[in-house]
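Below is one structure, written out as structure tokens; comments come after it.
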Amino acid sequence: MKTNITLAFLLVFTITANAQNNVHANGARSAGMGNAGIAISDIWSTVNNQAALTSLKNTEIAAFYKNSFGMSELSLSALAVAVPTKAGVFGGSVAHFGFTEYNENKVSLAYAKRLWKMVSLSAQLNYNSFNFTDAYQNATLITGEIGLFVEPTDNFYTGVHVFNPVKSSLSLEEKNSIPVRYKAGVAYKPISSLLFCADFIYDNNNDISFCGGIEYYIVSQLCLRAGASSNPELFTLGAGYIYRQIAFDVAYSYHNVLGNISCISISYKLKRK
């Protein structure tokens with residue numbers, strides 16, 4: 001009985017904290033830097049800011065797993081792919097959060113295009129499903145995302161991302177609405193081995209929050225990361241290792257009430273013909 005009560009509390013907290021958008025697999029690289037990623041270009045831009053996909057030169061595939069508070073019932077898993085072409089970059093992702101009694105699933109298709117030398121735009125369409133136990137009615141929902149990515153210099157990047165700009169809702173009731181979430185981020189590389197990044201987030205259910213972090217390459221293949229966020233309040237650590245075409249990343253964060261969160265992701269770059 002105690003376990004069920006604890007699980008129910010954690011589930012309610014997780015759903016509330018993520019505003020009914022738990023299937024947000026941002027990759028262990030971003031997770032290690034306080035979950036900042038709007039102005040960072042990598043395979044997980046398929047989730048963080050699709051417009052940043054235009055900086056990718058190779059087709060990439062990736063997998064991600066996140067465990068919250070040591071409970072498998074609160075795990076998140078995802079797959080992502082990005083394919084650069086002459087017409088733009090096409091991306092997609094699938095994600096699953098939860099367990100038998102409650103789970104969320106998300107299937108996404110994205111397109112990003114560099115319009116000018118420094119400016120890229122993107123759009124993404126999501127199919128979301130929310131599945132409950134017998135006491136509740138399951139639901140599906142179509143949401144969208146739009147993004148902007150700007151590279152004014154070789155070492156400074158900025159981006160803007162909007163989730164659910166058309167205000168899709170599970171029902172006419174305000175309590176079941178999906179928030180419109182606005183994000184703006186910057187990233188700066190003073191030297192090739194060092195990266196600073198920061199995101200500012202606002203949605204119509206919460207106040208403005210902040211997340212940010214740092215990435216430092218000790219050697220060309222190995223880096224360390226650290227960061228923090230304000231809502232929820234988390235301190236994060238991470239590391240990354242690159243071996244040829246494979247990138248392996250891990251991240252750890254700590255919530256001062258609920259405990260530990262761990263993430264792992266792996267990506268593979270296909271060689272260009």
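Letters for chains follow the order of the structure tokens (A, B, ...), residue numbers begin at 1 for each chain, and ligand numbers begin at 1 in the order shown.
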Worksheet item: Where in stretch 71-259 of chain A does DSSP assign strand (DSSP E or B), given as a ChimeraX atom specification?
Response: /A:71-85,88-98,103-114,119-131,139-153,156-163,169,177,181-191,194-203,206-217,222-230,233-243,246-255,259
Write out as a Markdown table a residue-level contact list of stretch 41-63 of chain A versus stretch 242-251 of chain A with cut-off 12 Å: for each qualifying residue the closest pair of atoms and the distance in Å to one decimal, counting only C-alpha atoms, rows sorted by chain and residue number upward.
```
| residue | atom | partner | partner_atom | distance |
| --- | --- | --- | --- | --- |
| A:Asp42 | CA | A:Ala247 | CA | 10.7 |
| A:Ile43 | CA | A:Ala247 | CA | 10.4 |
| A:Trp44 | CA | A:Asp249 | CA | 11.8 |
| A:Asn58 | CA | A:Gln245 | CA | 10.2 |
| A:Thr59 | CA | A:Gln245 | CA | 10.9 |
| A:Glu60 | CA | A:Gln245 | CA | 9.4 |
| A:Ile61 | CA | A:Ile246 | CA | 9.9 |
| A:Ala62 | CA | A:Ala247 | CA | 9.1 |
| A:Ala63 | CA | A:Phe248 | CA | 10.0 |
```
Just-selected residues, C-alpha atoms written as a PDB file, in the first residue's frame:
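Contents of the output file out_21.pdb:
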```pdb
ATOM      1  CA  ASP A  42      23.149  17.811 -32.276  1.00  0.00           C
ATOM      2  CA  ILE A  43      20.904  14.817 -33.037  1.00  0.00           C
ATOM      3  CA  TRP A  44      18.663  15.670 -30.054  1.00  0.00           C
ATOM      4  CA  ASN A  58      25.706  13.548 -41.643  1.00  0.00           C
ATOM      5  CA  THR A  59      22.696  11.323 -41.172  1.00  0.00           C
ATOM      6  CA  GLU A  60      22.474  10.374 -37.489  1.00  0.00           C
ATOM      7  CA  ILE A  61      20.475   7.954 -35.389  1.00  0.00           C
ATOM      8  CA  ALA A  62      20.268   7.945 -31.591  1.00  0.00           C
ATOM      9  CA  ALA A  63      18.710   6.252 -28.576  1.00  0.00           C
TER      10      ALA A  63
END
```
Worksheet entry | From A:Ser55, A:Asn67, A:Ser169, A:Thr46, residue lying nearest A:Ile146 [only C-alpha atoms] | A:Thr46
Worksheet item: Can you list, as a PyMOL selection string, every protein, DNA or RNA residue that comes within 10 Å of A:Asn49 when you count only C-alpha atoms, leaving out same-chain residues fewer than 2 positions away?
Response: chain A and resi 26+37-42+44-47+51-53+112+121-124+145-149+159-163+183-185
May I have the residues from that selection written out with N, CA and C atoms, as a compact mmCIF listing (two decimals), in the first residue's frame?
```txt
# COMPACT_ATOMS: atom_id res chain seq x y z
N ASN A 26 15.41 14.84 -24.24
CA ASN A 26 16.33 15.86 -24.74
C ASN A 26 17.76 15.38 -24.90
N GLY A 37 19.36 23.38 -24.21
CA GLY A 37 19.68 22.82 -25.52
C GLY A 37 19.11 23.56 -26.70
N ILE A 38 18.45 24.69 -26.47
CA ILE A 38 17.82 25.42 -27.57
C ILE A 38 18.82 25.93 -28.59
N ALA A 39 20.02 26.32 -28.15
CA ALA A 39 21.01 26.88 -29.06
C ALA A 39 22.16 25.90 -29.33
N ILE A 40 21.93 24.62 -29.06
CA ILE A 40 22.93 23.57 -29.30
C ILE A 40 22.48 22.72 -30.48
N SER A 41 23.41 22.42 -31.36
CA SER A 41 23.08 21.60 -32.53
C SER A 41 23.65 20.20 -32.37
N ASP A 42 22.77 19.22 -32.26
CA ASP A 42 23.15 17.81 -32.28
C ASP A 42 21.92 16.99 -32.66
N TRP A 44 19.83 15.45 -30.92
CA TRP A 44 18.66 15.67 -30.05
C TRP A 44 18.03 17.04 -30.25
N SER A 45 18.51 17.78 -31.25
CA SER A 45 17.77 18.96 -31.70
C SER A 45 16.43 18.55 -32.28
N THR A 46 16.26 17.27 -32.63
CA THR A 46 14.96 16.76 -33.04
C THR A 46 13.90 16.97 -31.96
N VAL A 47 14.35 17.18 -30.72
CA VAL A 47 13.44 17.44 -29.61
C VAL A 47 13.61 18.85 -29.07
N ALA A 51 15.19 23.55 -35.55
CA ALA A 51 15.89 24.43 -36.48
C ALA A 51 17.40 24.24 -36.43
N ALA A 52 17.93 23.81 -35.27
CA ALA A 52 19.37 23.60 -35.13
C ALA A 52 19.86 22.37 -35.88
N LEU A 53 18.96 21.56 -36.41
CA LEU A 53 19.35 20.40 -37.19
C LEU A 53 20.10 20.78 -38.46
N ALA A 112 13.61 21.05 -41.16
CA ALA A 112 14.37 22.27 -40.89
C ALA A 112 15.05 22.73 -42.17
N LEU A 121 15.00 27.91 -39.97
CA LEU A 121 13.66 27.78 -39.41
C LEU A 121 13.24 26.31 -39.45
N SER A 122 12.26 25.95 -38.60
CA SER A 122 11.80 24.56 -38.57
C SER A 122 10.34 24.48 -38.16
N ALA A 123 9.75 23.33 -38.47
CA ALA A 123 8.40 23.01 -38.02
C ALA A 123 8.35 21.52 -37.71
N GLN A 124 7.55 21.17 -36.72
CA GLN A 124 7.41 19.77 -36.34
C GLN A 124 5.96 19.46 -36.01
N GLU A 145 5.27 22.23 -33.24
CA GLU A 145 6.40 22.99 -32.71
C GLU A 145 7.02 23.79 -33.85
N ILE A 146 7.53 24.96 -33.53
CA ILE A 146 8.27 25.76 -34.50
C ILE A 146 9.56 26.25 -33.85
N GLY A 147 10.59 26.43 -34.67
CA GLY A 147 11.88 26.83 -34.12
C GLY A 147 12.64 27.78 -35.01
N LEU A 148 13.55 28.50 -34.39
CA LEU A 148 14.46 29.44 -35.06
C LEU A 148 15.85 29.22 -34.50
N PHE A 149 16.85 29.18 -35.39
CA PHE A 149 18.24 29.00 -34.98
C PHE A 149 19.09 30.00 -35.75
N GLY A 159 18.79 30.68 -30.23
CA GLY A 159 17.62 30.01 -30.79
C GLY A 159 16.36 30.34 -30.04
N VAL A 160 15.22 30.12 -30.71
CA VAL A 160 13.90 30.30 -30.10
C VAL A 160 13.05 29.10 -30.51
N HIS A 161 12.27 28.59 -29.58
CA HIS A 161 11.43 27.42 -29.86
C HIS A 161 10.08 27.58 -29.18
N VAL A 162 9.01 27.22 -29.90
CA VAL A 162 7.65 27.29 -29.34
C VAL A 162 7.00 25.93 -29.47
N PHE A 163 6.56 25.38 -28.35
CA PHE A 163 5.83 24.12 -28.33
C PHE A 163 4.34 24.40 -28.22
N LYS A 183 10.62 28.98 -25.45
CA LYS A 183 12.00 28.83 -24.99
C LYS A 183 12.92 29.70 -25.84
N ALA A 184 13.87 30.33 -25.19
CA ALA A 184 14.91 31.09 -25.88
C ALA A 184 16.25 30.69 -25.27
N GLY A 185 17.24 30.49 -26.12
CA GLY A 185 18.52 30.04 -25.60
C GLY A 185 19.71 30.65 -26.32
```
Item to complete: Skip A:Glu151 itself and residues of its chain fewer than 3 positions away, then list as an MDAnalysis selection string all residues within 8 Å of it, counting only C-alpha atoms.
Response: chainID A and resid 118:119 154 156:158
Response to the item:
The residue from A:Ile266, A:Ala31, A:Ala139, A:Ile218 with the smallest atom-to-atom distance to A:Val81, counting only C-alpha atoms, is A:Ile266
Item to complete: In Å, rounded to a single decimal, give me how far atom CA of A:Ala78 is from atom CA of A:Asn103.
Response: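 It comes out at 13.5 Å.
Straight-line separation from atom CA of A:Tyr65 to atom CA of A:Tyr252: 12.0 Å.
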Fill in: Atom pair atom CA of A:Ser262 / atom CA of A:Ala239: separation (Å)
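So the answer is 12.0 Å.
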Worksheet item: Nearest to A:Phe97: which of A:Tyr111, A:Phe69, A:Phe130, A:Phe235 is it, counting only C-alpha atoms?
Response: A:Phe130
Fill in: Nearest-residue call for A:Ala87, choices A:Lys57, A:Lys113, A:Arg181, A:Arg29, using only C-alpha atoms
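Of the candidates, the smallest distance to A:Ala87 is held by A:Lys113.
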Fill in: Surrounding residues of stretch 191-197 of chain A excluding itself and chain neighbours under 6 positions, 6 Å, only C-alpha atoms, as a list in words
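In the requested form, the answer reads Gly212, Gly213, Ile214, Glu215, Tyr216 and Tyr217 of chain A.
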Fill in: Close residues, A:Asn155 itself excluded, 7 Å, only C-alpha atoms, min 6 positions apart in chain, as a count of residues only
3
